[in-house]
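So this block is entry-v1.txt, compact mmCIF, C-alpha atoms and all ligand atoms:
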# COMPACT_ATOMS: atom_id res chain seq x y z
CA MET A 1 85.33 138.12 109.94
CA LYS A 2 82.48 135.85 110.92
CA GLN A 3 83.07 133.51 113.84
CA VAL A 4 83.02 129.78 113.00
CA ILE A 5 81.28 127.69 115.66
CA SER A 6 81.82 123.93 115.97
CA VAL A 7 80.20 121.35 118.26
CA ARG A 8 83.22 121.64 120.53
CA ASP A 9 82.57 125.39 120.91
CA LEU A 10 78.92 124.71 121.75
CA GLU A 11 79.86 122.11 124.35
CA GLU A 12 82.37 124.56 125.83
CA MET A 13 79.63 127.21 126.08
CA LEU A 14 77.30 124.79 127.87
CA ARG A 15 80.08 123.70 130.21
CA ASN A 16 80.62 127.34 131.13
CA GLY A 17 76.93 127.72 131.92
CA LYS A 18 76.07 129.76 128.81
CA SER A 19 72.92 129.02 126.81
CA LEU A 20 72.96 128.17 123.13
CA GLY A 21 71.01 131.40 122.59
CA SER A 22 74.25 133.29 123.14
CA VAL A 23 75.68 132.06 119.80
CA PRO A 24 76.22 135.27 117.74
CA GLU A 25 73.50 135.60 115.10
CA ASP A 26 75.93 136.06 112.21
CA ALA A 27 78.24 133.20 113.29
CA LEU A 28 78.97 130.46 110.77
CA LEU A 29 77.91 127.06 112.14
CA THR A 30 79.56 123.81 111.02
CA PRO A 31 76.98 121.25 109.77
CA SER A 32 77.31 119.16 112.95
CA ALA A 33 77.00 122.31 115.11
CA ARG A 34 73.74 123.10 113.29
CA ASP A 35 72.50 119.55 114.00
CA PHE A 36 73.61 119.88 117.61
CA ILE A 37 71.53 123.05 118.09
CA ARG A 38 68.53 121.55 116.32
CA ASP A 39 68.65 118.40 118.45
CA TYR A 40 69.26 120.35 121.64
CA ASP A 41 65.66 121.24 122.32
CA GLY A 42 63.64 122.10 125.42
CA SER A 43 62.18 118.60 125.66
CA ARG A 44 65.52 117.28 126.79
CA PRO A 45 66.84 117.70 130.32
CA THR A 46 68.71 121.00 130.21
CA ASN A 47 71.79 119.47 131.79
CA PHE A 48 72.05 116.70 129.18
CA VAL A 49 75.20 117.88 127.48
CA VAL A 50 76.64 119.39 130.64
CA ALA A 51 76.18 116.06 132.39
CA GLY A 52 77.76 114.29 129.41
CA ALA A 53 80.71 116.67 129.46
CA VAL A 54 81.21 116.32 133.20
CA LYS A 55 81.09 112.55 132.95
CA ALA A 56 83.56 112.81 130.06
CA ALA A 57 86.18 114.04 132.49
CA ALA A 58 85.99 110.61 134.10
CA ALA A 59 85.28 108.71 130.89
CA PRO A 60 88.05 106.29 129.96
CA ALA A 61 89.67 106.97 126.60
CA LYS A 62 89.41 103.28 125.83
CA VAL A 63 86.84 100.75 126.90
CA THR A 64 86.23 97.09 126.17
CA ALA A 65 83.04 95.08 126.48
CA LYS A 66 84.43 93.94 129.85
CA SER A 67 84.78 97.50 131.26
CA SER A 68 82.66 98.31 134.32
CA LYS A 69 79.07 99.47 133.85
CA ALA A 70 80.04 102.94 135.11
CA GLU A 71 82.95 103.20 132.69
CA LEU A 72 80.78 102.11 129.77
CA GLU A 73 78.07 104.63 130.76
CA ALA A 74 80.63 107.46 131.01
CA PHE A 75 82.08 106.48 127.64
CA PHE A 76 78.59 106.24 126.09
CA ASN A 77 77.78 109.77 127.34
CA SER A 78 81.11 111.34 126.38
CA PRO A 79 81.30 114.18 123.80
CA LYS A 80 83.31 111.89 121.49
CA ILE A 81 80.48 109.35 121.35
CA HIS A 82 77.88 112.15 121.18
CA GLU A 83 79.51 113.34 117.95
CA LEU A 84 79.24 109.81 116.49
CA LYS A 85 75.59 109.58 117.58
CA LEU A 86 74.94 112.81 115.66
CA GLN A 87 76.71 111.36 112.62
CA ILE A 88 74.44 108.29 112.74
CA CYS A 89 71.36 110.55 112.96
CA ASP A 90 72.64 112.52 109.96
CA ILE A 91 73.25 109.39 107.86
CA GLY A 92 69.82 108.03 108.88
CA ARG A 93 68.20 111.23 107.67
CA ARG A 94 70.03 111.01 104.34
CA LEU A 95 68.99 107.36 103.89
CA TRP A 96 65.35 108.29 104.52
CA GLN A 97 65.41 111.39 102.33
CA ARG A 98 66.77 109.37 99.43
CA ALA A 99 64.11 106.66 99.98
CA TYR A 100 66.76 104.06 100.74
CA VAL A 101 64.79 102.98 103.85
CA ASP A 102 61.12 102.27 104.40
CA GLY A 103 59.12 101.96 107.63
CA ASN A 104 61.60 101.16 110.38
CA GLY A 105 63.98 99.45 107.95
CA GLY A 106 67.72 99.90 107.72
CA ASN A 107 70.36 100.15 110.42
CA ILE A 108 73.75 101.75 111.05
CA ALA A 109 76.68 100.80 113.27
CA ILE A 110 80.07 102.32 114.15
CA ARG A 111 82.85 100.39 115.88
CA VAL A 112 83.90 102.56 118.83
CA ALA A 113 86.32 100.15 120.54
CA GLU A 114 87.95 96.82 119.74
CA ASP A 115 84.86 94.84 120.75
CA VAL A 116 82.21 97.57 121.21
CA ALA A 117 79.90 99.20 118.66
CA LEU A 118 77.43 102.06 118.65
CA CYS A 119 74.24 101.28 116.71
CA THR A 120 70.71 102.31 115.84
CA PRO A 121 67.70 101.14 117.86
CA THR A 122 64.93 98.83 116.68
CA LEU A 123 61.51 100.10 115.53
CA VAL A 124 62.54 103.68 114.75
CA SER A 125 62.45 105.36 111.33
CA LYS A 126 66.01 106.13 110.32
CA GLY A 127 64.88 109.57 109.16
CA PHE A 128 63.94 110.82 112.63
CA MET A 129 66.42 109.44 115.13
CA LYS A 130 67.81 111.41 118.07
CA PRO A 131 71.26 110.92 119.64
CA GLU A 132 69.65 109.56 122.81
CA ASP A 133 68.04 106.73 120.78
CA MET A 134 71.40 105.06 120.15
CA CYS A 135 72.61 101.81 121.71
CA LEU A 136 76.01 100.45 122.74
CA VAL A 137 76.61 96.72 122.17
CA ASP A 138 79.41 94.20 122.38
CA LEU A 139 80.35 92.17 119.31
CA GLU A 140 77.96 89.37 120.36
CA GLY A 141 75.05 91.83 120.28
CA ASN A 142 74.62 92.13 124.07
CA GLN A 143 73.43 95.64 124.93
CA LEU A 144 75.89 97.56 127.13
CA ALA A 145 74.20 101.01 127.27
CA GLY A 146 71.27 102.99 125.88
CA THR A 147 67.61 103.00 126.87
CA LYS A 148 66.18 101.82 123.54
CA LYS A 149 66.62 98.22 122.40
CA ARG A 150 69.27 97.71 119.74
CA THR A 151 68.27 96.74 116.18
CA SER A 152 67.62 93.04 115.58
CA GLU A 153 69.81 93.17 112.48
CA ILE A 154 72.89 94.22 114.48
CA LEU A 155 74.23 90.64 114.37
CA MET A 156 74.95 91.04 110.67
CA HIS A 157 76.87 94.32 111.26
CA LEU A 158 78.82 92.71 114.11
CA GLN A 159 79.70 89.63 112.09
CA ILE A 160 81.11 91.95 109.41
CA MET A 161 83.19 93.76 112.07
CA LYS A 162 84.39 90.48 113.55
CA ARG A 163 85.42 89.05 110.19
CA GLN A 164 86.77 92.27 108.64
CA SER A 165 89.08 93.91 111.19
CA ARG A 166 89.29 97.08 109.04
CA ALA A 167 85.51 97.69 109.16
CA VAL A 168 84.90 100.77 111.32
CA ALA A 169 81.34 101.47 110.16
CA THR A 170 78.47 99.59 108.51
CA VAL A 171 75.24 100.74 106.86
CA HIS A 172 72.28 98.60 105.83
CA CYS A 173 69.28 99.81 103.80
CA HIS A 174 66.84 98.87 101.02
CA PRO A 175 67.55 101.20 98.05
CA PRO A 176 64.98 100.24 95.37
CA TYR A 177 67.15 99.94 92.25
CA SER A 178 69.95 98.00 93.95
CA THR A 179 67.39 95.85 95.77
CA ALA A 180 65.68 95.16 92.41
CA PHE A 181 68.93 93.59 91.20
CA ALA A 182 69.07 91.57 94.45
CA VAL A 183 65.47 90.43 93.93
CA ALA A 184 66.03 89.49 90.29
CA GLY A 185 69.26 87.70 91.20
CA VAL A 186 71.27 89.82 88.76
CA GLU A 187 74.78 90.94 89.70
CA PRO A 188 75.28 94.58 88.64
CA PRO A 189 77.43 94.51 85.48
CA THR A 190 80.90 96.02 85.49
CA CYS A 191 83.13 98.28 83.36
CA MET A 192 80.54 100.99 82.77
CA ILE A 193 81.07 103.87 85.25
CA PRO A 194 84.36 104.80 86.98
CA GLU A 195 82.97 105.75 90.44
CA PHE A 196 81.35 102.36 90.83
CA GLU A 197 84.55 100.55 89.85
CA VAL A 198 86.75 102.57 92.20
CA PHE A 199 84.62 102.80 95.34
CA ALA A 200 82.35 99.75 95.40
CA SER A 201 83.15 96.04 95.33
CA VAL A 202 79.84 94.24 95.08
CA ALA A 203 78.86 90.62 95.71
CA THR A 204 75.49 88.96 96.37
CA ALA A 205 74.67 86.84 99.43
CA PRO A 206 71.82 84.28 99.27
CA TYR A 207 68.55 84.95 101.10
CA ARG A 208 68.10 84.02 104.75
CA THR A 209 65.74 85.47 107.37
CA PRO A 210 66.98 88.98 108.24
CA GLY A 211 68.57 89.25 111.68
CA THR A 212 69.56 85.58 111.95
CA PRO A 213 73.17 84.57 112.62
CA GLU A 214 73.04 82.51 109.42
CA MET A 215 72.32 85.64 107.34
CA GLY A 216 75.17 87.44 109.08
CA LYS A 217 77.56 84.58 108.33
CA LEU A 218 76.71 84.54 104.62
CA VAL A 219 77.42 88.27 104.42
CA ALA A 220 80.58 88.01 106.54
CA ASP A 221 81.90 85.31 104.19
CA LEU A 222 82.09 87.99 101.46
CA VAL A 223 83.59 90.99 103.27
CA ASP A 224 87.20 90.01 102.81
CA LYS A 225 87.14 91.13 99.16
CA HIS A 226 83.88 93.12 98.93
CA ASN A 227 82.69 96.26 100.72
CA THR A 228 79.09 96.32 99.44
CA ILE A 229 76.95 93.19 99.73
CA LEU A 230 73.62 92.75 98.00
CA MET A 231 71.40 90.44 100.04
CA ALA A 232 69.06 88.44 97.81
CA ASN A 233 65.37 89.44 98.19
CA HIS A 234 66.29 91.96 100.89
CA GLY A 235 68.66 94.93 100.44
CA VAL A 236 72.27 96.05 100.75
CA VAL A 237 74.88 96.30 103.50
CA SER A 238 78.21 98.10 103.18
CA TRP A 239 81.28 98.62 105.35
CA SER A 240 84.01 101.24 105.35
CA HIS A 241 87.54 101.38 106.70
CA ASN A 242 87.18 105.20 106.95
CA ASP A 243 83.94 106.31 108.60
CA VAL A 244 80.15 105.98 108.54
CA GLU A 245 79.67 108.59 105.81
CA ASP A 246 82.01 106.61 103.56
CA ALA A 247 79.97 103.44 104.21
CA TYR A 248 76.85 105.43 103.27
CA PHE A 249 78.54 106.71 100.07
CA LYS A 250 78.76 103.09 98.86
CA MET A 251 74.96 103.06 98.91
CA GLU A 252 74.68 106.26 96.88
CA ILE A 253 77.23 104.97 94.38
CA LEU A 254 75.63 101.52 94.01
CA GLU A 255 72.08 102.88 93.81
CA ALA A 256 72.96 105.55 91.21
CA TYR A 257 74.82 102.89 89.25
CA CYS A 258 71.97 100.34 89.25
CA ARG A 259 69.53 103.08 88.23
CA THR A 260 71.76 104.34 85.42
CA VAL A 261 72.48 100.86 84.08
CA LEU A 262 68.78 100.00 84.10
CA VAL A 263 67.92 103.20 82.22
CA ALA A 264 70.79 102.71 79.76
CA SER A 265 69.58 99.18 79.03
CA GLN A 266 66.25 100.59 77.91
CA LEU A 267 67.64 103.04 75.34
CA GLY A 268 67.53 100.54 72.52
CA ARG A 269 71.29 100.35 72.00
CA PRO A 270 73.72 97.81 73.39
CA VAL A 271 75.38 99.34 76.42
CA LYS A 272 79.06 100.15 75.97
CA THR A 273 81.77 99.17 78.37
CA MET A 274 85.21 100.56 79.07
CA THR A 275 88.19 98.48 77.97
CA ALA A 276 90.11 96.13 80.23
CA PRO A 277 93.21 98.42 80.28
CA GLN A 278 90.94 101.35 81.20
CA LEU A 279 89.50 99.30 84.05
CA GLN A 280 93.01 98.28 85.08
CA ASP A 281 93.83 101.98 85.61
CA LEU A 282 90.80 102.37 87.88
CA LEU A 283 91.74 99.25 89.85
CA LYS A 284 95.18 100.76 90.51
CA ILE A 285 93.48 103.81 92.04
CA LYS A 286 91.21 101.50 94.03
CA GLN A 287 94.14 99.56 95.43
CA SER A 288 95.94 102.78 96.41
CA LEU A 289 92.84 103.85 98.36
CA GLY A 290 92.91 100.61 100.38
CA ILE A 291 89.58 99.43 98.96
CA PRO A 292 89.33 95.65 98.43
CA ASP A 293 88.45 94.07 95.09
CA PRO A 294 88.53 90.42 94.03
CA ARG A 295 89.79 91.44 90.56
CA PHE A 296 93.21 92.66 91.71
CA GLY A 297 95.73 90.50 89.85
CA LEU A 298 93.27 89.01 87.35
CA LYS A 299 94.13 88.58 83.69
CA GLU A 300 92.89 91.42 81.47
CA CYS A 301 90.45 89.16 79.65
CA GLU A 302 88.72 88.41 82.96
CA LEU A 303 88.30 92.03 84.05
CA CYS A 304 85.17 93.06 82.17
CA ASP A 305 83.45 89.70 82.36
CA ASN A 306 79.76 90.53 82.58
CA ASP A 307 78.65 86.94 82.45
CA GLY A 308 75.90 87.40 85.01
CA TRP A 309 74.47 90.46 83.27
CA ARG A 310 74.60 89.11 79.72
CA PRO A 311 74.89 85.34 79.98
CA GLY A 312 77.39 83.89 77.55
CA VAL A 313 79.66 86.95 77.46
CA THR A 314 82.55 85.38 79.32
CA CYS A 315 85.91 86.97 78.67
CA ALA A 316 84.43 89.22 75.99
CA VAL A 317 87.64 91.24 75.89
CA PRO A 318 90.37 89.28 74.08
CA ASN A 319 93.59 88.60 75.91
CA ASN A 320 95.66 90.45 73.30
CA SER A 321 93.64 93.67 73.66
CA ASN A 322 95.60 96.54 72.16
CA GLY A 323 93.93 99.14 74.36
CA ASN A 324 91.35 100.15 71.78
CA GLY A 325 88.98 97.67 73.33
CA ALA A 326 86.88 94.97 71.81
CA PRO A 327 83.38 95.81 70.68
CA ALA A 328 80.73 94.79 73.21
CA ALA A 329 79.09 91.51 72.29
CA ALA A 330 75.56 91.65 70.94
CA PRO A 331 72.94 91.69 73.67
CA ASP A 332 71.82 88.26 74.71
CA PRO A 333 68.05 87.65 74.21
CA GLU A 334 67.80 85.92 77.60
CA ALA A 335 69.37 88.92 79.36
CA GLU A 336 67.18 91.35 77.43
CA ALA A 337 64.11 89.41 78.57
CA LEU A 338 65.39 89.66 82.15
CA VAL A 339 65.82 93.44 81.86
CA ARG A 340 62.26 93.68 80.54
CA VAL A 341 60.94 91.73 83.54
CA ILE A 342 62.78 94.03 86.00
CA THR A 343 61.55 97.12 84.15
CA ASP A 344 57.96 95.92 84.11
CA GLN A 345 58.10 95.12 87.82
CA ILE A 346 59.40 98.60 88.66
CA LEU A 347 56.85 100.30 86.44
CA SER A 348 53.94 98.32 87.92
CA GLN A 349 55.20 99.11 91.44
CA ARG A 350 55.19 102.82 90.57
CA LYS A 351 51.62 102.62 89.25
CA ALA A 352 50.43 100.73 92.35
ZN ZN A 401 66.82 95.08 106.11
For the file at hand, write its structure as structure tokens.
Amino acid sequence: MKQVISVRDLEEMLRNGKSLGSVPEDALLTPSARDFIRDYDGSRPTNFVVAGAVKAAAAPAKVTAKSSKAELEAFFNSPKIHELKLQICDIGRRLWQRAYVDGNGGNIAIRVAEDVALCTPTLVSKGFMKPEDMCLVDLEGNQLAGTKKRTSEILMHLQIMKRQSRAVATVHCHPPYSTAFAVAGVEPPTCMIPEFEVFASVATAPYRTPGTPEMGKLVADLVDKHNTILMANHGVVSWSHNDVEDAYFKMEILEAYCRTVLVASQLGRPVKTMTAPQLQDLLKIKQSLGIPDPRFGLKECELCDNDGWRPGVTCAVPNNSNGNGAPAAAPDPEAEALVRVITDQILSQRKA
């Protein structure tokens, strides 16, 4: 049987003075072990991981922003934090590959202690980060460790973590379809695709200069009941109570949804929605997964209210719905004109 090699095995090998070249050729590598080998190149000091592992012996299991400089450094260089740095690099690569970030845009943070977070640096493409680029900050944004300067947008991530005690990871990026909704000031409609209803709870925050405390506050005001915030004329930020990959999944789900809805709206037929009882079933699943949603406990007639998408369609589903669902109201001319404007803008951007 083929040997399965994890990051822990690789770190063990390095601790014992073996080189990574001694990994059996036919061994099966876990995805993070593959990343570890790729990132462990000759340009790095050869004792990097060994030093990290040795320091780990003295690294405190728990730190706070008030821990000593030496303790914070040991923690920052521990294998546990190294694994999270690799996860951030992996998510950054996926954001870039999916064109959710542009230039040096986007940022990622993971809460690693009560008042300490690991985050991405400023002025680096999220597609090409290395573990040693990462920064450690306190919840006020003061840098505690790391040689690169932390992202200027970290304040927004930290305000989310401060306000939402369950937030363990945050991701911010500029996915084009979702951002188009944020630019047009259109809330994504609801009751169309199950994944979106179960995993994302979207709200829109007004525009403020990115990176300012004011922007962070406007986002933080929404994170009690929403896990994915569209920022007007800017992009999206999400948080997860599970891990950083889960926060990233919100982006994939929202972006696929906005894209699908936009395409569906161009097919010449009124888009169909699920019924309120059908949505109610999805909300039960959502609640059992511990995902927030402002619609928990609402009356059925309020559940599929797509007022923002098709103005005038408030409580389109009658209160006495028998489960067969009410027919979707005819498309509103004002909303159709809005869809045309968004479509034209996207098409002209593609031609440019
Ligand atoms: Zn941004």
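For the residues A:Thr147, A:Ile5, A:Lys299, A:Trp239, ranking by smallest atom-to-atom distance to Arg163 of chain A using only C-alpha atoms places A:Trp239 first.
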Exercise for review: Could you tell me, counting only C-alpha atoms and all ligand atoms, which protein and nucleic acid residues lie no more than 6 Å from ligand ZN 401 (chain A), written as an MDAnalysis selection string?
Suggested key: chainID A and resid 105:106 173 235
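Nearest residue to Gly216 of chain A among A:Glu153, A:Asp90, A:Asp9, A:Glu140 is A:Glu153, counting all atoms listed in the file.
For the choices A:Ile81, A:Ser67, A:His157, A:Thr212, the atom-to-atom distance to Leu144 of chain A is smallest for A:Ser67 when using all atoms listed in the file.
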Study note, to complete from the structure: Residue with the minimum atom-to-atom distance to Met129 of chain A, picked from A:Ile110, A:Ala264, A:Leu95, A:Ala145 with only C-alpha atoms counted, is A:Leu95
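Separating atom CA of Thr190 of chain A from atom CA of Gly92 of chain A is a distance of 28.5 Å.
The space between atom CA of Cys89 of chain A and atom CA of Thr122 of chain A spans 13.9 Å.
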Point to revise | Residue neighbourhood Lys69 of chain A, 12 Å, all atoms listed in the file, exclusion window fewer than 3 positions, as number ranges by chain | key: A: 59-60, 63-66, 72-76, 136, 143-146
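In this structure, atom CA of Pro294 of chain A sits 24.9 Å away from atom CA of Leu155 of chain A.
Among the candidates A:Leu84, A:Val244, A:Ala337, A:Leu20, the residue lying nearest to Ala169 of chain A is A:Val244 (atoms considered: only C-alpha atoms).
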May I have the protein, DNA and RNA residues with an atom at most 12 Å from (83.6, 101.1, 106.6), counting only C-alpha atoms in the file's coordinates, returned as a short mmCIF file (atom, residue, chain, number, x, y, z; two decimals) with C-alpha atoms, keeping the file's coordinate frame?
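Full text of result-v4.cif as output:
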data_model
loop_
_atom_site.label_atom_id
_atom_site.label_comp_id
_atom_site.auth_asym_id
_atom_site.auth_seq_id
_atom_site.Cartn_x
_atom_site.Cartn_y
_atom_site.Cartn_z
CA ILE A 108 73.75 101.75 111.05
CA ALA A 109 76.68 100.80 113.27
CA ILE A 110 80.07 102.32 114.15
CA ARG A 111 82.85 100.39 115.88
CA HIS A 157 76.87 94.32 111.26
CA ILE A 160 81.11 91.95 109.41
CA MET A 161 83.19 93.76 112.07
CA GLN A 164 86.77 92.27 108.64
CA SER A 165 89.08 93.91 111.19
CA ARG A 166 89.29 97.08 109.04
CA ALA A 167 85.51 97.69 109.16
CA VAL A 168 84.90 100.77 111.32
CA ALA A 169 81.34 101.47 110.16
CA THR A 170 78.47 99.59 108.51
CA VAL A 171 75.24 100.74 106.86
CA HIS A 172 72.28 98.60 105.83
CA PHE A 199 84.62 102.80 95.34
CA ALA A 200 82.35 99.75 95.40
CA VAL A 223 83.59 90.99 103.27
CA HIS A 226 83.88 93.12 98.93
CA ASN A 227 82.69 96.26 100.72
CA THR A 228 79.09 96.32 99.44
CA VAL A 237 74.88 96.30 103.50
CA SER A 238 78.21 98.10 103.18
CA TRP A 239 81.28 98.62 105.35
CA SER A 240 84.01 101.24 105.35
CA HIS A 241 87.54 101.38 106.70
CA ASN A 242 87.18 105.20 106.95
CA ASP A 243 83.94 106.31 108.60
CA VAL A 244 80.15 105.98 108.54
CA GLU A 245 79.67 108.59 105.81
CA ASP A 246 82.01 106.61 103.56
CA ALA A 247 79.97 103.44 104.21
CA TYR A 248 76.85 105.43 103.27
CA PHE A 249 78.54 106.71 100.07
CA LYS A 250 78.76 103.09 98.86
CA MET A 251 74.96 103.06 98.91
CA GLY A 290 92.91 100.61 100.38
CA ILE A 291 89.58 99.43 98.96
CA PRO A 292 89.33 95.65 98.43
#
Revision key, fill the gap. Of A:Asp344, A:Glu114, A:Asp133, A:Glu25, the one sitting nearest Leu262 of chain A when using only C-alpha atoms is A:Asp344
Exercise for review: Starting from the point (72.5, 104.1, 87.6), work out which residues of protein, DNA or RNA have an atom no more than 12 Å away when counting only C-alpha atoms; state them as a ChimeraX atom specification.
Suggested key: /A:175-178,181,188-190,192-196,251-265
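Near Leu222 of chain A, within 8 Å and counting only C-alpha atoms, sit Ala203, Ala205, Leu218, His226 and Ile229 of chain A, not including residues fewer than 4 positions from it in the same chain.
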Give me segment 88-96 of chain A with all heavy atoms filled in, as an mmCIF file, in the frame of the given file.
data_model
loop_
_atom_site.group_PDB
_atom_site.id
_atom_site.type_symbol
_atom_site.label_atom_id
_atom_site.label_comp_id
_atom_site.auth_asym_id
_atom_site.auth_seq_id
_atom_site.Cartn_x
_atom_site.Cartn_y
_atom_site.Cartn_z
ATOM 1 N N ILE A 88 75.393 109.358 113.090
ATOM 2 C CA ILE A 88 74.440 108.290 112.740
ATOM 3 C C ILE A 88 73.073 108.892 112.419
ATOM 4 O O ILE A 88 72.418 108.497 111.449
ATOM 5 C CB ILE A 88 74.342 107.239 113.880
ATOM 6 C CG1 ILE A 88 75.667 106.472 113.996
ATOM 7 C CG2 ILE A 88 73.189 106.270 113.625
ATOM 8 C CD1 ILE A 88 75.699 105.405 115.089
ATOM 9 N N CYS A 89 72.648 109.886 113.222
ATOM 10 C CA CYS A 89 71.360 110.550 112.960
ATOM 11 C C CYS A 89 71.386 111.195 111.568
ATOM 12 O O CYS A 89 70.420 111.120 110.807
ATOM 13 C CB CYS A 89 71.061 111.621 114.001
ATOM 14 S SG CYS A 89 70.781 110.958 115.642
ATOM 15 N N ASP A 90 72.500 111.831 111.246
ATOM 16 C CA ASP A 90 72.640 112.520 109.960
ATOM 17 C C ASP A 90 72.570 111.514 108.802
ATOM 18 O O ASP A 90 71.848 111.731 107.829
ATOM 19 C CB ASP A 90 73.992 113.265 109.948
ATOM 20 C CG ASP A 90 74.281 113.895 108.591
ATOM 21 O OD1 ASP A 90 73.411 114.625 108.083
ATOM 22 O OD2 ASP A 90 75.365 113.644 108.032
ATOM 23 N N ILE A 91 73.277 110.405 108.927
ATOM 24 C CA ILE A 91 73.250 109.390 107.860
ATOM 25 C C ILE A 91 71.843 108.790 107.756
ATOM 26 O O ILE A 91 71.339 108.562 106.656
ATOM 27 C CB ILE A 91 74.305 108.286 108.134
ATOM 28 C CG1 ILE A 91 75.724 108.881 108.080
ATOM 29 C CG2 ILE A 91 74.160 107.129 107.151
ATOM 30 C CD1 ILE A 91 76.097 109.563 106.775
ATOM 31 N N GLY A 92 71.198 108.567 108.891
ATOM 32 C CA GLY A 92 69.820 108.030 108.880
ATOM 33 C C GLY A 92 68.883 108.950 108.116
ATOM 34 O O GLY A 92 68.057 108.503 107.313
ATOM 35 N N ARG A 93 69.040 110.245 108.347
ATOM 36 C CA ARG A 93 68.200 111.230 107.670
ATOM 37 C C ARG A 93 68.440 111.192 106.158
ATOM 38 O O ARG A 93 67.510 111.247 105.361
ATOM 39 C CB ARG A 93 68.527 112.629 108.213
ATOM 40 C CG ARG A 93 67.392 113.599 108.163
ATOM 41 C CD ARG A 93 67.575 114.812 109.063
ATOM 42 N NE ARG A 93 68.936 115.115 109.430
ATOM 43 C CZ ARG A 93 69.418 115.008 110.670
ATOM 44 N NH1 ARG A 93 68.647 114.604 111.653
ATOM 45 N NH2 ARG A 93 70.668 115.313 110.933
ATOM 46 N N ARG A 94 69.712 111.053 105.776
ATOM 47 C CA ARG A 94 70.030 111.010 104.340
ATOM 48 C C ARG A 94 69.492 109.730 103.699
ATOM 49 O O ARG A 94 69.030 109.751 102.559
ATOM 50 C CB ARG A 94 71.542 111.167 104.151
ATOM 51 C CG ARG A 94 71.963 112.604 104.474
ATOM 52 C CD ARG A 94 73.402 112.714 104.915
ATOM 53 N NE ARG A 94 74.346 112.658 103.817
ATOM 54 C CZ ARG A 94 75.668 112.813 103.974
ATOM 55 N NH1 ARG A 94 76.166 113.039 105.169
ATOM 56 N NH2 ARG A 94 76.465 112.752 102.944
ATOM 57 N N LEU A 95 69.544 108.619 104.419
ATOM 58 C CA LEU A 95 68.990 107.360 103.890
ATOM 59 C C LEU A 95 67.490 107.512 103.651
ATOM 60 O O LEU A 95 66.950 107.090 102.631
ATOM 61 C CB LEU A 95 69.219 106.213 104.887
ATOM 62 C CG LEU A 95 70.645 105.694 105.057
ATOM 63 C CD1 LEU A 95 70.703 104.709 106.229
ATOM 64 C CD2 LEU A 95 71.138 105.004 103.787
ATOM 65 N N TRP A 96 66.811 108.136 104.616
ATOM 66 C CA TRP A 96 65.350 108.290 104.520
ATOM 67 C C TRP A 96 64.983 109.273 103.412
ATOM 68 O O TRP A 96 64.075 109.020 102.611
ATOM 69 C CB TRP A 96 64.801 108.758 105.874
ATOM 70 C CG TRP A 96 63.306 108.827 105.888
ATOM 71 C CD1 TRP A 96 62.440 107.797 106.117
ATOM 72 C CD2 TRP A 96 62.503 109.987 105.645
ATOM 73 N NE1 TRP A 96 61.146 108.244 106.030
ATOM 74 C CE2 TRP A 96 61.150 109.581 105.740
ATOM 75 C CE3 TRP A 96 62.779 111.325 105.352
ATOM 76 C CZ2 TRP A 96 60.091 110.474 105.557
ATOM 77 C CZ3 TRP A 96 61.736 112.200 105.166
ATOM 78 C CH2 TRP A 96 60.411 111.780 105.272
#
